[in-house]
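**Student:** Data file my_file35.cif (mmCIF, N, CA and C atoms) is appended below.
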```
data_upload
loop_
_atom_site.label_atom_id
_atom_site.label_comp_id
_atom_site.auth_asym_id
_atom_site.auth_seq_id
_atom_site.Cartn_x
_atom_site.Cartn_y
_atom_site.Cartn_z
N MET A 1 -188.52 123.48 -12.31
CA MET A 1 -187.94 122.14 -12.32
C MET A 1 -188.08 121.54 -10.93
N SER A 2 -188.47 120.31 -10.86
CA SER A 2 -188.62 119.60 -9.58
C SER A 2 -187.27 119.35 -8.95
N ASN A 3 -187.25 119.22 -7.62
CA ASN A 3 -185.99 118.91 -6.96
C ASN A 3 -185.83 117.40 -6.78
N ALA A 4 -186.70 116.61 -7.39
CA ALA A 4 -186.58 115.15 -7.33
C ALA A 4 -185.36 114.72 -8.13
N ASN A 5 -184.64 113.75 -7.61
CA ASN A 5 -183.52 113.18 -8.36
C ASN A 5 -183.29 111.75 -7.88
N PRO A 6 -182.59 110.95 -8.68
CA PRO A 6 -182.38 109.55 -8.31
C PRO A 6 -181.61 109.37 -7.00
N ASP A 7 -180.71 110.29 -6.69
CA ASP A 7 -179.98 110.18 -5.42
C ASP A 7 -180.94 110.22 -4.23
N ARG A 8 -181.91 111.12 -4.27
CA ARG A 8 -182.89 111.20 -3.18
C ARG A 8 -183.75 109.94 -3.11
N VAL A 9 -184.11 109.42 -4.27
CA VAL A 9 -184.89 108.17 -4.29
C VAL A 9 -184.08 107.07 -3.59
N CYS A 10 -182.79 106.98 -3.91
CA CYS A 10 -181.94 105.95 -3.30
C CYS A 10 -181.77 106.18 -1.80
N GLU A 11 -181.61 107.43 -1.40
CA GLU A 11 -181.47 107.75 0.02
C GLU A 11 -182.71 107.35 0.82
N ASN A 12 -183.87 107.42 0.20
CA ASN A 12 -185.13 107.12 0.88
C ASN A 12 -185.61 105.69 0.66
N ARG A 13 -184.77 104.86 0.08
CA ARG A 13 -185.14 103.47 -0.20
C ARG A 13 -185.37 102.71 1.11
N PRO A 14 -186.46 101.96 1.19
CA PRO A 14 -186.64 101.11 2.37
C PRO A 14 -185.48 100.12 2.48
N ASP A 15 -185.04 99.83 3.69
CA ASP A 15 -183.88 98.98 3.91
C ASP A 15 -184.00 97.60 3.29
N HIS A 16 -185.20 97.06 3.21
CA HIS A 16 -185.36 95.70 2.70
C HIS A 16 -185.28 95.59 1.18
N VAL A 17 -185.29 96.72 0.47
CA VAL A 17 -185.30 96.68 -0.99
C VAL A 17 -183.89 96.43 -1.51
N GLN A 18 -183.75 95.37 -2.30
CA GLN A 18 -182.49 95.06 -2.98
C GLN A 18 -182.81 94.58 -4.38
N ILE A 19 -181.87 94.81 -5.26
CA ILE A 19 -182.00 94.34 -6.64
C ILE A 19 -180.75 93.51 -6.99
N LYS A 20 -180.92 92.61 -7.95
CA LYS A 20 -179.80 91.84 -8.48
C LYS A 20 -179.67 92.21 -9.95
N VAL A 21 -178.45 92.53 -10.36
CA VAL A 21 -178.19 92.87 -11.76
C VAL A 21 -176.97 92.07 -12.19
N HIS A 22 -177.15 91.23 -13.19
CA HIS A 22 -176.04 90.43 -13.69
C HIS A 22 -176.36 89.96 -15.10
N PRO A 23 -175.35 89.46 -15.81
CA PRO A 23 -175.60 88.95 -17.16
C PRO A 23 -176.54 87.74 -17.12
N LEU A 24 -177.41 87.65 -18.08
CA LEU A 24 -178.28 86.49 -18.21
C LEU A 24 -177.40 85.28 -18.52
N PRO A 25 -177.47 84.21 -17.72
CA PRO A 25 -176.57 83.06 -17.94
C PRO A 25 -176.62 82.50 -19.36
N GLU A 26 -177.80 82.46 -19.96
CA GLU A 26 -177.94 81.90 -21.30
C GLU A 26 -177.41 82.83 -22.39
N ASP A 27 -177.29 84.12 -22.08
CA ASP A 27 -176.82 85.11 -23.07
C ASP A 27 -176.19 86.27 -22.33
N PRO A 28 -174.88 86.25 -22.14
CA PRO A 28 -174.23 87.30 -21.37
C PRO A 28 -174.32 88.70 -21.98
N ASN A 29 -174.86 88.80 -23.19
CA ASN A 29 -175.08 90.12 -23.80
C ASN A 29 -176.37 90.76 -23.32
N VAL A 30 -177.14 90.03 -22.51
CA VAL A 30 -178.41 90.51 -21.98
C VAL A 30 -178.26 90.71 -20.47
N VAL A 31 -178.75 91.83 -19.99
CA VAL A 31 -178.71 92.13 -18.56
C VAL A 31 -179.97 91.59 -17.89
N LEU A 32 -179.79 90.82 -16.82
CA LEU A 32 -180.90 90.30 -16.03
C LEU A 32 -181.04 91.15 -14.78
N ILE A 33 -182.22 91.71 -14.57
CA ILE A 33 -182.52 92.50 -13.38
C ILE A 33 -183.58 91.73 -12.60
N GLU A 34 -183.26 91.39 -11.35
CA GLU A 34 -184.18 90.66 -10.49
C GLU A 34 -184.49 91.48 -9.25
N ALA A 35 -185.75 91.48 -8.86
CA ALA A 35 -186.19 92.19 -7.67
C ALA A 35 -187.59 91.70 -7.31
N ASP A 36 -187.98 91.95 -6.05
CA ASP A 36 -189.37 91.67 -5.69
C ASP A 36 -190.20 92.88 -6.12
N ALA A 37 -191.48 92.87 -5.81
CA ALA A 37 -192.37 93.96 -6.24
C ALA A 37 -191.88 95.31 -5.72
N ASP A 38 -191.43 95.37 -4.46
CA ASP A 38 -190.93 96.63 -3.92
C ASP A 38 -189.67 97.09 -4.65
N GLY A 39 -188.84 96.15 -5.04
CA GLY A 39 -187.62 96.49 -5.77
C GLY A 39 -187.93 97.09 -7.13
N PHE A 40 -188.93 96.53 -7.82
CA PHE A 40 -189.30 97.09 -9.12
C PHE A 40 -189.99 98.45 -8.97
N ARG A 41 -190.76 98.63 -7.91
CA ARG A 41 -191.34 99.96 -7.66
C ARG A 41 -190.22 100.97 -7.42
N PHE A 42 -189.22 100.57 -6.64
CA PHE A 42 -188.07 101.44 -6.38
C PHE A 42 -187.38 101.81 -7.70
N LEU A 43 -187.12 100.81 -8.55
CA LEU A 43 -186.47 101.10 -9.83
C LEU A 43 -187.31 102.04 -10.69
N SER A 44 -188.62 101.87 -10.66
CA SER A 44 -189.48 102.76 -11.44
C SER A 44 -189.38 104.19 -10.93
N GLU A 45 -189.22 104.35 -9.62
CA GLU A 45 -189.05 105.69 -9.05
C GLU A 45 -187.70 106.29 -9.44
N VAL A 46 -186.66 105.46 -9.50
CA VAL A 46 -185.35 105.94 -9.95
C VAL A 46 -185.43 106.43 -11.39
N PHE A 47 -186.05 105.63 -12.25
CA PHE A 47 -186.18 106.01 -13.67
C PHE A 47 -187.02 107.29 -13.81
N ALA A 48 -188.12 107.38 -13.08
CA ALA A 48 -188.97 108.57 -13.15
C ALA A 48 -188.22 109.81 -12.67
N ALA A 49 -187.46 109.66 -11.60
CA ALA A 49 -186.69 110.80 -11.08
C ALA A 49 -185.63 111.23 -12.10
N GLN A 50 -185.01 110.26 -12.77
CA GLN A 50 -183.99 110.61 -13.76
C GLN A 50 -184.60 111.37 -14.94
N ALA A 51 -185.85 111.09 -15.24
CA ALA A 51 -186.52 111.78 -16.35
C ALA A 51 -186.62 113.28 -16.12
N ILE A 52 -186.64 113.71 -14.86
CA ILE A 52 -186.81 115.14 -14.56
C ILE A 52 -185.63 115.73 -13.78
N ALA A 53 -184.60 114.94 -13.51
CA ALA A 53 -183.45 115.43 -12.75
C ALA A 53 -182.69 116.49 -13.53
N GLU A 54 -182.03 117.37 -12.80
CA GLU A 54 -181.23 118.41 -13.44
C GLU A 54 -180.03 117.80 -14.17
N ASP A 55 -179.37 116.82 -13.54
CA ASP A 55 -178.23 116.14 -14.15
C ASP A 55 -178.75 115.08 -15.12
N CYS A 56 -178.18 115.00 -16.31
CA CYS A 56 -178.67 114.04 -17.30
C CYS A 56 -178.17 112.63 -17.09
N GLY A 57 -177.23 112.42 -16.14
CA GLY A 57 -176.69 111.09 -15.91
C GLY A 57 -176.76 110.66 -14.46
N PHE A 58 -176.93 109.36 -14.26
CA PHE A 58 -177.00 108.79 -12.91
C PHE A 58 -176.45 107.37 -12.96
N GLN A 59 -175.58 107.04 -12.00
CA GLN A 59 -174.96 105.72 -11.97
C GLN A 59 -174.95 105.16 -10.56
N ILE A 60 -175.25 103.86 -10.45
CA ILE A 60 -175.05 103.12 -9.20
C ILE A 60 -174.42 101.79 -9.55
N SER A 61 -173.69 101.24 -8.58
CA SER A 61 -172.91 100.04 -8.84
C SER A 61 -172.79 99.19 -7.58
N PRO A 62 -172.71 97.87 -7.74
CA PRO A 62 -172.53 97.02 -6.56
C PRO A 62 -171.16 97.20 -5.91
N SER A 63 -170.23 97.82 -6.63
CA SER A 63 -168.90 98.05 -6.07
C SER A 63 -168.58 99.53 -5.89
N GLY A 64 -169.60 100.37 -5.93
CA GLY A 64 -169.38 101.81 -5.80
C GLY A 64 -170.57 102.48 -5.15
N ALA A 65 -170.84 103.70 -5.59
CA ALA A 65 -171.97 104.45 -5.05
C ALA A 65 -173.25 103.67 -5.25
N GLY A 66 -174.06 103.58 -4.21
CA GLY A 66 -175.33 102.86 -4.28
C GLY A 66 -175.22 101.37 -4.01
N SER A 67 -174.07 100.92 -3.54
CA SER A 67 -173.86 99.48 -3.38
C SER A 67 -174.85 98.80 -2.43
N ALA A 68 -175.39 99.53 -1.47
CA ALA A 68 -176.34 98.93 -0.51
C ALA A 68 -177.62 98.48 -1.19
N ILE A 69 -177.91 99.00 -2.34
CA ILE A 69 -179.13 98.66 -3.07
C ILE A 69 -179.01 97.27 -3.72
N PHE A 70 -177.79 96.83 -3.97
CA PHE A 70 -177.55 95.61 -4.72
C PHE A 70 -177.42 94.40 -3.81
N ALA A 71 -178.00 93.28 -4.23
CA ALA A 71 -177.80 92.00 -3.56
C ALA A 71 -176.34 91.60 -3.75
N PRO A 72 -175.79 90.82 -2.83
CA PRO A 72 -174.37 90.46 -2.91
C PRO A 72 -173.96 89.78 -4.22
N GLU A 73 -174.88 89.04 -4.84
CA GLU A 73 -174.52 88.34 -6.08
C GLU A 73 -174.57 89.21 -7.33
N SER A 74 -174.89 90.48 -7.18
CA SER A 74 -174.92 91.39 -8.34
C SER A 74 -173.53 91.57 -8.93
N LYS A 75 -173.46 91.53 -10.23
CA LYS A 75 -172.19 91.69 -10.95
C LYS A 75 -172.10 93.01 -11.70
N LEU A 76 -173.25 93.62 -11.99
CA LEU A 76 -173.29 94.83 -12.80
C LEU A 76 -174.05 95.94 -12.09
N GLY A 77 -173.68 97.15 -12.38
CA GLY A 77 -174.45 98.32 -11.98
C GLY A 77 -175.14 98.85 -13.23
N PHE A 78 -175.59 100.10 -13.16
CA PHE A 78 -176.16 100.70 -14.36
C PHE A 78 -175.96 102.20 -14.36
N TYR A 79 -175.94 102.73 -15.57
CA TYR A 79 -175.81 104.16 -15.81
C TYR A 79 -177.02 104.59 -16.63
N LEU A 80 -177.77 105.54 -16.14
CA LEU A 80 -178.91 106.08 -16.87
C LEU A 80 -178.50 107.41 -17.47
N HIS A 81 -178.70 107.58 -18.75
CA HIS A 81 -178.35 108.82 -19.43
C HIS A 81 -179.54 109.33 -20.23
N ARG A 82 -180.05 110.48 -19.79
CA ARG A 82 -181.20 111.09 -20.48
C ARG A 82 -180.69 111.94 -21.63
N ILE A 83 -181.32 111.80 -22.77
CA ILE A 83 -180.96 112.60 -23.92
C ILE A 83 -182.13 113.50 -24.30
N PRO A 84 -181.88 114.65 -24.91
CA PRO A 84 -180.57 115.15 -25.31
C PRO A 84 -179.74 115.55 -24.09
N CYS A 85 -178.43 115.42 -24.24
CA CYS A 85 -177.51 115.66 -23.14
C CYS A 85 -177.16 117.15 -23.04
N LYS A 86 -177.20 117.64 -21.82
CA LYS A 86 -176.79 119.04 -21.58
C LYS A 86 -175.27 119.14 -21.35
N THR A 87 -174.62 117.98 -21.13
CA THR A 87 -173.19 117.94 -20.88
C THR A 87 -172.56 117.04 -21.93
N PRO A 88 -172.00 117.61 -22.99
CA PRO A 88 -171.50 116.80 -24.10
C PRO A 88 -170.53 115.68 -23.73
N GLN A 89 -169.73 115.81 -22.67
CA GLN A 89 -168.80 114.76 -22.28
C GLN A 89 -169.56 113.47 -21.98
N LYS A 90 -170.74 113.54 -21.40
CA LYS A 90 -171.52 112.35 -21.03
C LYS A 90 -172.15 111.69 -22.25
N ALA A 91 -172.28 112.40 -23.34
CA ALA A 91 -172.97 111.88 -24.52
C ALA A 91 -172.13 110.88 -25.31
N LYS A 92 -170.87 110.71 -24.95
CA LYS A 92 -169.99 109.84 -25.72
C LYS A 92 -170.33 108.36 -25.59
N GLY A 93 -171.03 107.95 -24.50
CA GLY A 93 -171.31 106.54 -24.24
C GLY A 93 -172.38 105.94 -25.04
#
```
Could you spell out this file's structure in structure tokens?
**Tutor:**
Amino acid sequence: MSNANPDRVCENRPDHVQIKVHPLPEDPNVVLIEADADGFRFLSEVFAAQAIAEDCGFQISPSGAGSAIFAPESKLGFYLHRIPCKTPQKAKG
């Protein structure tokens, strides 16, 4: 198993990379994710790392862990959960 994980990806993020995550104004049931090209590359690395991480869940939030990644206007964070889950408590969401 690789030692890659989303936490390491976030720790190694270039300082200029930020993302915005908030409800789409026209439809608050849809999440709008905005970033420049580097931001989307960063997100792709987070997703890829989560695919092989030992822990099946990963969360970052503009008001919690990972807050430096988010632009100030971000309203939402995200939780990635890989299935099948090795930890049944996390599978409830």
**Student:** Please compute the atom C of A:Arg13-atom CA of A:Val30 distance, one decimal, in Å.
**Tutor:** 27.0 Å
**Student:** I'd like the residues picked by the PyMOL selection byres ((chain A and resi 69) around 7) written out as a list of chain:residue names, using the chain letters and numbers from the file.
**Tutor:**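 For this structure, the PyMOL selection byres ((chain A and resi 69) around 7) captures A:Val17, A:Gln18, A:Ile19, A:Lys20, A:Gly66, A:Ser67, A:Ala68, A:Phe70, A:Ala71.
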**Student:** Keeping N, CA and C atoms for every residue in the selection just given, could you write it to a file as a PDB file, keeping the file's coordinate frame?
**Tutor:**
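This is the output file part.pdb:
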```pdb
ATOM      1  N   VAL A  17    -185.290  96.720   0.470  1.00  0.00           N
ATOM      2  CA  VAL A  17    -185.300  96.680  -0.990  1.00  0.00           C
ATOM      3  C   VAL A  17    -183.890  96.430  -1.510  1.00  0.00           C
ATOM      4  N   GLN A  18    -183.750  95.370  -2.300  1.00  0.00           N
ATOM      5  CA  GLN A  18    -182.490  95.060  -2.980  1.00  0.00           C
ATOM      6  C   GLN A  18    -182.810  94.580  -4.380  1.00  0.00           C
ATOM      7  N   ILE A  19    -181.870  94.810  -5.260  1.00  0.00           N
ATOM      8  CA  ILE A  19    -182.000  94.340  -6.640  1.00  0.00           C
ATOM      9  C   ILE A  19    -180.750  93.510  -6.990  1.00  0.00           C
ATOM     10  N   LYS A  20    -180.920  92.610  -7.950  1.00  0.00           N
ATOM     11  CA  LYS A  20    -179.800  91.840  -8.480  1.00  0.00           C
ATOM     12  C   LYS A  20    -179.670  92.210  -9.950  1.00  0.00           C
ATOM     13  N   GLY A  66    -174.060 103.580  -4.210  1.00  0.00           N
ATOM     14  CA  GLY A  66    -175.330 102.860  -4.280  1.00  0.00           C
ATOM     15  C   GLY A  66    -175.220 101.370  -4.010  1.00  0.00           C
ATOM     16  N   SER A  67    -174.070 100.920  -3.540  1.00  0.00           N
ATOM     17  CA  SER A  67    -173.860  99.480  -3.380  1.00  0.00           C
ATOM     18  C   SER A  67    -174.850  98.800  -2.430  1.00  0.00           C
ATOM     19  N   ALA A  68    -175.390  99.530  -1.470  1.00  0.00           N
ATOM     20  CA  ALA A  68    -176.340  98.930  -0.510  1.00  0.00           C
ATOM     21  C   ALA A  68    -177.620  98.480  -1.190  1.00  0.00           C
ATOM     22  N   PHE A  70    -177.790  96.830  -3.970  1.00  0.00           N
ATOM     23  CA  PHE A  70    -177.550  95.610  -4.720  1.00  0.00           C
ATOM     24  C   PHE A  70    -177.420  94.400  -3.810  1.00  0.00           C
ATOM     25  N   ALA A  71    -178.000  93.280  -4.230  1.00  0.00           N
ATOM     26  CA  ALA A  71    -177.800  92.000  -3.560  1.00  0.00           C
ATOM     27  C   ALA A  71    -176.340  91.600  -3.750  1.00  0.00           C
TER      28      ALA A  71
END
```
**Student:** Can you turn the PyMOL selection byres ((chain A and resi 81) around 6) into a concrete residue list for this file, as a list in words?
**Tutor:**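 Written out, the selection comes to Cys56, Gly57, Phe58, Tyr79, Leu80, Arg82 and Ile83 of chain A.
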**Student:** Select from chain A everything DSSP, run on the backbone, classes as alpha helix (DSSP H), then give the selection as a list in words.
**Tutor:**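 After running DSSP on the backbone, chain A has alpha helix (DSSP H) at Pro6, Asp7, Arg8, Val9, Cys10, Glu11, Ala37, Asp38, Gly39, Phe40, Arg41, Phe42, Leu43, Ser44, Glu45, Val46, Phe47, Ala48, Ala49, Gln50, Ala51 and Ile52 of chain A.
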**Student:** DSSP on the backbone: what in stretch 39-80 of chain A comes out strand (DSSP E), as a list in words?
**Tutor:**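 Output for stretch 39-80 of chain A, strand (DSSP E) only: Gly57, Phe58, Gln59, Ile60, Phe78, Tyr79 and Leu80 of chain A.
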**Student:** Please produce an output containing N, CA and C atoms for each residue in the selection, written as an mmCIF file, keeping the file's coordinate frame.
**Tutor:**
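Listing of selection.cif after writing:
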```
data_model
loop_
_atom_site.group_PDB
_atom_site.id
_atom_site.type_symbol
_atom_site.label_atom_id
_atom_site.label_comp_id
_atom_site.auth_asym_id
_atom_site.auth_seq_id
_atom_site.Cartn_x
_atom_site.Cartn_y
_atom_site.Cartn_z
ATOM 1 N N GLY A 57 -177.230 112.420 -16.140
ATOM 2 C CA GLY A 57 -176.690 111.090 -15.910
ATOM 3 C C GLY A 57 -176.760 110.660 -14.460
ATOM 4 N N PHE A 58 -176.930 109.360 -14.260
ATOM 5 C CA PHE A 58 -177.000 108.790 -12.910
ATOM 6 C C PHE A 58 -176.450 107.370 -12.960
ATOM 7 N N GLN A 59 -175.580 107.040 -12.000
ATOM 8 C CA GLN A 59 -174.960 105.720 -11.970
ATOM 9 C C GLN A 59 -174.950 105.160 -10.560
ATOM 10 N N ILE A 60 -175.250 103.860 -10.450
ATOM 11 C CA ILE A 60 -175.050 103.120 -9.200
ATOM 12 C C ILE A 60 -174.420 101.790 -9.550
ATOM 13 N N PHE A 78 -175.590 100.100 -13.160
ATOM 14 C CA PHE A 78 -176.160 100.700 -14.360
ATOM 15 C C PHE A 78 -175.960 102.200 -14.360
ATOM 16 N N TYR A 79 -175.940 102.730 -15.570
ATOM 17 C CA TYR A 79 -175.810 104.160 -15.810
ATOM 18 C C TYR A 79 -177.020 104.590 -16.630
ATOM 19 N N LEU A 80 -177.770 105.540 -16.140
ATOM 20 C CA LEU A 80 -178.910 106.080 -16.870
ATOM 21 C C LEU A 80 -178.500 107.410 -17.470
#
```
